[in-house]
$ cat protein-v5.txt   # compact mmCIF, C-alpha atoms
# COMPACT_ATOMS: atom_id res chain seq x y z
CA MET A 1 13.34 20.85 4.95
CA VAL A 2 10.87 19.93 2.21
CA LYS A 3 12.52 17.63 -0.33
CA ARG A 4 9.48 15.86 -1.77
CA ILE A 5 5.99 17.15 -2.51
CA LEU A 6 3.08 14.90 -3.47
CA ILE A 7 0.31 16.50 -5.53
CA ALA A 8 -3.00 14.67 -5.20
CA ILE A 9 -5.45 15.58 -7.94
CA ASP A 10 -9.02 14.46 -8.39
CA ASP A 11 -12.07 15.38 -10.40
CA GLN A 12 -13.22 17.90 -7.77
CA ALA A 13 -10.45 20.53 -8.01
CA PRO A 14 -9.27 21.70 -11.43
CA ASP A 15 -5.97 19.93 -11.94
CA ALA A 16 -4.36 22.60 -14.14
CA CYS A 17 -4.59 25.16 -11.34
CA LEU A 18 -3.50 22.75 -8.63
CA VAL A 19 -0.57 21.25 -10.53
CA GLY A 20 0.68 24.69 -11.55
CA LYS A 21 0.66 25.85 -7.93
CA GLY A 22 2.33 22.62 -6.78
CA ILE A 23 5.07 23.01 -9.40
CA GLU A 24 5.65 26.62 -8.37
CA LEU A 25 5.96 25.57 -4.72
CA ALA A 26 8.35 22.74 -5.61
CA ARG A 27 10.54 25.11 -7.63
CA GLN A 28 10.72 27.55 -4.73
CA LEU A 29 11.72 24.75 -2.37
CA ASP A 30 13.85 22.85 -4.90
CA ALA A 31 11.78 19.75 -4.16
CA GLU A 32 10.96 16.58 -6.12
CA LEU A 33 7.36 16.19 -7.26
CA GLY A 34 5.05 13.21 -7.06
CA LEU A 35 1.64 13.04 -8.71
CA THR A 36 -1.37 10.87 -8.03
CA ASP A 37 -5.01 10.73 -9.05
CA ILE A 38 -6.59 7.97 -7.00
CA ALA A 39 -9.33 6.06 -8.78
CA ARG A 40 -12.32 5.19 -6.67
CA LEU A 41 -12.92 1.63 -5.61
CA SER A 42 -16.47 0.82 -6.66
CA VAL A 43 -18.48 -1.40 -4.38
CA GLY A 44 -22.15 -2.04 -4.29
CA TYR A 45 -24.79 -3.56 -6.44
CA ILE A 46 -25.44 -3.94 -10.13
CA GLU A 47 -27.62 -1.20 -11.57
CA ALA A 48 -28.85 -1.13 -15.18
CA GLY A 49 -26.30 -3.79 -16.12
CA ILE A 50 -23.33 -1.75 -14.85
CA TYR A 51 -21.09 -3.69 -12.51
CA PRO A 52 -18.99 -2.06 -9.77
CA THR A 53 -15.83 -3.28 -11.53
CA ASP A 54 -16.96 -1.45 -14.69
CA LEU A 55 -17.22 1.81 -12.74
CA GLU A 56 -13.81 1.18 -11.20
CA ASP A 57 -12.27 0.61 -14.65
CA ILE A 58 -13.88 3.80 -15.97
CA ASP A 59 -12.48 5.85 -13.08
CA ARG A 60 -9.05 4.20 -13.41
CA GLN A 61 -8.98 5.16 -17.11
CA ARG A 62 -10.06 8.72 -16.22
CA ALA A 63 -7.23 8.99 -13.67
CA GLU A 64 -4.65 7.60 -16.11
CA LYS A 65 -5.74 10.05 -18.84
CA THR A 66 -5.60 12.97 -16.42
CA VAL A 67 -2.05 12.10 -15.33
CA GLU A 68 -0.95 11.65 -18.96
CA ARG A 69 -2.48 15.01 -19.92
CA ILE A 70 -0.64 16.72 -17.06
CA LYS A 71 2.65 15.10 -18.08
CA GLU A 72 2.11 16.39 -21.63
CA GLN A 73 1.36 19.90 -20.30
CA TYR A 74 4.55 19.88 -18.21
CA PRO A 75 7.07 17.85 -20.24
CA ASP A 76 10.03 19.41 -18.38
CA ILE A 77 8.82 18.11 -15.00
CA ASP A 78 9.90 14.66 -13.87
CA PHE A 79 6.95 13.52 -11.76
CA ALA A 80 7.10 10.39 -9.65
CA GLU A 81 3.75 8.76 -10.50
CA PHE A 82 1.52 6.70 -8.25
CA GLU A 83 -1.46 4.77 -9.60
CA SER A 84 -3.92 3.71 -6.94
CA VAL A 85 -7.48 2.48 -6.62
CA GLY A 86 -9.37 2.66 -3.36
CA ASP A 87 -10.19 4.92 -0.47
CA PRO A 88 -8.29 8.20 -1.05
CA VAL A 89 -7.02 8.56 2.52
CA GLU A 90 -5.85 4.94 2.73
CA GLU A 91 -4.16 5.11 -0.66
CA LEU A 92 -2.47 8.41 0.22
CA ARG A 93 -1.27 6.87 3.47
CA THR A 94 0.31 4.02 1.48
CA ILE A 95 2.01 6.39 -0.96
CA ILE A 96 3.28 8.52 1.94
CA THR A 97 4.67 5.45 3.70
CA ASP A 98 6.41 4.18 0.57
CA TRP A 99 7.64 7.39 -1.14
CA LYS A 100 8.01 9.52 2.01
CA PRO A 101 7.00 12.98 0.77
CA ASP A 102 7.40 15.87 3.20
CA MET A 103 4.20 17.62 2.11
CA LEU A 104 0.89 16.88 0.41
CA VAL A 105 -0.69 19.43 -1.94
CA VAL A 106 -4.43 19.24 -2.61
CA GLY A 107 -7.00 21.63 -4.04
CA HIS A 108 -10.53 22.71 -3.30
CA HIS A 109 -13.26 24.91 -4.73
CA LYS A 110 -13.12 28.31 -3.04
CA HIS A 111 -16.83 28.59 -2.51
CA SER A 112 -17.17 25.45 -0.42
CA ILE A 113 -14.03 24.82 1.65
CA ILE A 114 -15.48 25.92 5.02
CA GLN A 115 -18.57 23.78 4.58
CA ARG A 116 -16.60 20.85 3.20
CA LEU A 117 -14.05 20.91 6.04
CA SER A 118 -16.86 20.91 8.59
CA GLU A 119 -18.50 17.86 7.04
CA ASN A 120 -17.28 14.29 7.37
CA ASN A 121 -15.65 14.07 3.97
CA LYS A 122 -12.45 13.35 2.11
CA GLU A 123 -10.78 16.74 2.69
CA ARG A 124 -11.31 16.59 6.43
CA ARG A 125 -10.11 12.99 6.62
CA ILE A 126 -6.97 13.87 4.66
CA ILE A 127 -6.12 16.78 6.94
CA ASN A 128 -6.90 14.88 10.13
CA GLN A 129 -5.47 11.45 9.34
CA LEU A 130 -2.21 11.98 7.48
CA ASN A 131 1.06 12.53 9.30
CA ILE A 132 2.57 15.16 6.98
CA PRO A 133 1.67 18.81 6.37
CA VAL A 134 -1.17 19.32 3.91
CA VAL A 135 -1.25 22.46 1.75
CA VAL A 136 -4.73 23.23 0.43
CA PHE A 137 -4.79 25.54 -2.60
CA PRO A 138 -8.03 27.22 -3.67
CA CYS A 139 -8.77 26.37 -7.31
CA ASP A 140 -11.88 27.27 -9.23
CA SER A 141 -12.32 26.58 -12.91
$ encode --input "protein-v5.txt" --output "C-alpha cells"
Amino acid sequence: MVKRILIAIDDQAPDACLVGKGIELARQLDAELGLTDIARLSVGYIEAGIYPTDLEDIDRQRAEKTVERIKEQYPDIDFAEFESVGDPVEELRTIITDWKPDMLVVGHHKHSIIQRLSENNKERRIINQLNIPVVVFPCDS
C-alpha cells in the first residue's frame, strides 16, 4: 500500500505539471505528500570571480523559491518539505531513508526520455539506485 509519495522537482521538468500529477496520484491513493527540490552542490574552480559556494547559494535560493511558489499554488496541500544540497541521488537516498516514502515521483521532457535513460545521467541513476518504485511523468512546458 502506498502511504507516502515523494515528489522530486528540479529545473529540468516543469514543476507545475509534475506537482499536479503527483497530487492527483496522492489523492487517488489517499497518500501523504513530500516535496523536494535538491540544490546542486557546486565544486570546482573560481571563474570570473564566481566561487563554487556562490553558485551553490544561488541554486539553494532557486530551490527554496520554487518550493514556496508551489506551496502558494496548492495552499490546501500539506507537503512534508525536504531541503537538500548535493548529489540528487545521494540526497534522495537520505530523504527516503529518513521519511520512508513508498514511491518517488519525478518528471521528464517527453522528447528526450529514451535518450536520457540510455545515457549515464541523473534519471538513470535514480531509477537504478533507489530502493522504491519511481513513477516518471512526462511533462513539457
$ atom_distance --input "protein-v5.txt" --atom1 "CA of Arg4 (chain A)" --atom2 "CA of Lys100 (chain A)"
7.5 Å
$ atom_distance --input "protein-v5.txt" --atom1 "CA of Ile70 (chain A)" --atom2 "CA of Asn131 (chain A)"
26.7 Å
$ residues_around --input "protein-v5.txt" --residues "Ile132 (chain A)" --least-positions-apart "4" --cutoff "8 Å" --atoms "only C-alpha atoms" --output "VMD selection string"
chain A and resid 101 to 104
$ closest_residue --input "protein-v5.txt" --among "A:Leu6, A:Ile96, A:Ile77, A:Leu55" --to "Arg27 (chain A)" --atoms "all atoms listed in the file"
A:Ile77
$ residues_around --input "protein-v5.txt" --residues "Gln73 (chain A)" --least-positions-apart "6" --cutoff "12 Å" --atoms "all atoms listed in the file" --output "VMD selection string"
chain A and resid 15 to 17 19 to 20 23 66 to 67
$ residues_around --input "protein-v5.txt" --residues "Val135 (chain A)" --least-positions-apart "5" --cutoff "10 Å" --atoms "only C-alpha atoms" --output "number ranges by chain"
A: 5, 7, 22, 103-107, 127
$ write_last_selection --input "protein-v5.txt" --atoms "C-alpha atoms" --output "PDB file, keeping the file's coordinate frame"
ATOM      1  CA  ILE A   5       5.990  17.150  -2.510  1.00  0.00           C
ATOM      2  CA  ILE A   7       0.310  16.500  -5.530  1.00  0.00           C
ATOM      3  CA  GLY A  22       2.330  22.620  -6.780  1.00  0.00           C
ATOM      4  CA  MET A 103       4.200  17.620   2.110  1.00  0.00           C
ATOM      5  CA  LEU A 104       0.890  16.880   0.410  1.00  0.00           C
ATOM      6  CA  VAL A 105      -0.690  19.430  -1.940  1.00  0.00           C
ATOM      7  CA  VAL A 106      -4.430  19.240  -2.610  1.00  0.00           C
ATOM      8  CA  GLY A 107      -7.000  21.630  -4.040  1.00  0.00           C
ATOM      9  CA  ILE A 127      -6.120  16.780   6.940  1.00  0.00           C
TER      10      ILE A 127
END
$ residues_around --input "protein-v5.txt" --residues "Phe79 (chain A)" --least-positions-apart "4" --cutoff "7 Å" --atoms "all atoms listed in the file" --output "PDB file with C-alpha atoms, in the coordinates of the input"
ATOM      1  CA  LEU A  33       7.360  16.190  -7.260  1.00  0.00           C
ATOM      2  CA  GLY A  34       5.050  13.210  -7.060  1.00  0.00           C
ATOM      3  CA  LEU A  35       1.640  13.040  -8.710  1.00  0.00           C
TER       4      LEU A  35
END
$ residues_near_point --input "protein-v5.txt" --point "(-5.6, 8.2, -15.6)" --cutoff "10 Å" --atoms "all atoms listed in the file" --output "list in words"
Thr36, Asp37, Ile38, Ala39, Ile58, Asp59, Arg60, Gln61, Arg62, Ala63, Glu64, Lys65, Thr66, Val67, Glu68, Arg69, Ile70, Glu83 and Ser84 of chain A
$ atom_distance --input "protein-v5.txt" --atom1 "CA of Tyr74 (chain A)" --atom2 "CA of Lys3 (chain A)"
19.7 Å
$ closest_residue --input "protein-v5.txt" --among "A:Ile95, A:Ile126, A:Ala31, A:Leu18" --to "Met1 (chain A)" --atoms "only C-alpha atoms"
A:Ala31
$ closest_residue --input "protein-v5.txt" --among "A:Ala26, A:Asp76, A:Asp54, A:Pro88" --to "Ile9 (chain A)" --atoms "only C-alpha atoms"
A:Pro88
$ closest_residue --input "protein-v5.txt" --among "A:Asp57, A:Arg40, A:Gln28, A:Asp10" --to "Glu90 (chain A)" --atoms "only C-alpha atoms"
A:Arg40
$ build_atoms --input "protein-v5.txt" --residues "region 77-93 of chain A" --atoms "N, CA and C atoms" --output "short mmCIF file (atom, residue, chain, number, x, y, z; two decimals), in the coordinates of the input"
data_model
loop_
_atom_site.label_atom_id
_atom_site.label_comp_id
_atom_site.auth_asym_id
_atom_site.auth_seq_id
_atom_site.Cartn_x
_atom_site.Cartn_y
_atom_site.Cartn_z
N ILE A 77 8.91 18.54 -16.40
CA ILE A 77 8.82 18.11 -15.00
C ILE A 77 8.89 16.59 -14.93
N ASP A 78 9.76 16.11 -14.07
CA ASP A 78 9.90 14.66 -13.87
C ASP A 78 9.09 14.26 -12.63
N PHE A 79 7.83 13.92 -12.85
CA PHE A 79 6.95 13.52 -11.76
C PHE A 79 7.20 12.06 -11.39
N ALA A 80 7.24 11.77 -10.10
CA ALA A 80 7.10 10.39 -9.65
C ALA A 80 5.59 10.13 -9.69
N GLU A 81 5.18 9.03 -10.33
CA GLU A 81 3.75 8.76 -10.50
C GLU A 81 3.31 7.60 -9.61
N PHE A 82 2.09 7.73 -9.11
CA PHE A 82 1.52 6.70 -8.25
C PHE A 82 0.10 6.40 -8.70
N GLU A 83 -0.12 5.19 -9.19
CA GLU A 83 -1.46 4.77 -9.60
C GLU A 83 -2.07 3.96 -8.47
N SER A 84 -3.25 4.37 -8.05
CA SER A 84 -3.92 3.71 -6.94
C SER A 84 -5.41 3.63 -7.20
N VAL A 85 -6.03 2.63 -6.60
CA VAL A 85 -7.48 2.48 -6.62
C VAL A 85 -7.91 2.17 -5.20
N GLY A 86 -8.87 2.94 -4.70
CA GLY A 86 -9.37 2.66 -3.36
C GLY A 86 -9.80 3.91 -2.64
N ASP A 87 -9.84 3.80 -1.33
CA ASP A 87 -10.19 4.92 -0.47
C ASP A 87 -9.06 5.95 -0.54
N PRO A 88 -9.36 7.21 -0.88
CA PRO A 88 -8.29 8.20 -1.05
C PRO A 88 -7.35 8.34 0.14
N VAL A 89 -7.88 8.38 1.35
CA VAL A 89 -7.02 8.56 2.52
C VAL A 89 -6.12 7.34 2.72
N GLU A 90 -6.67 6.16 2.57
CA GLU A 90 -5.85 4.94 2.73
C GLU A 90 -4.79 4.84 1.66
N GLU A 91 -5.14 5.18 0.42
CA GLU A 91 -4.16 5.11 -0.66
C GLU A 91 -3.08 6.18 -0.49
N LEU A 92 -3.47 7.38 -0.06
CA LEU A 92 -2.47 8.41 0.22
C LEU A 92 -1.54 7.98 1.35
N ARG A 93 -2.09 7.36 2.35
CA ARG A 93 -1.27 6.87 3.47
C ARG A 93 -0.23 5.87 2.97
#
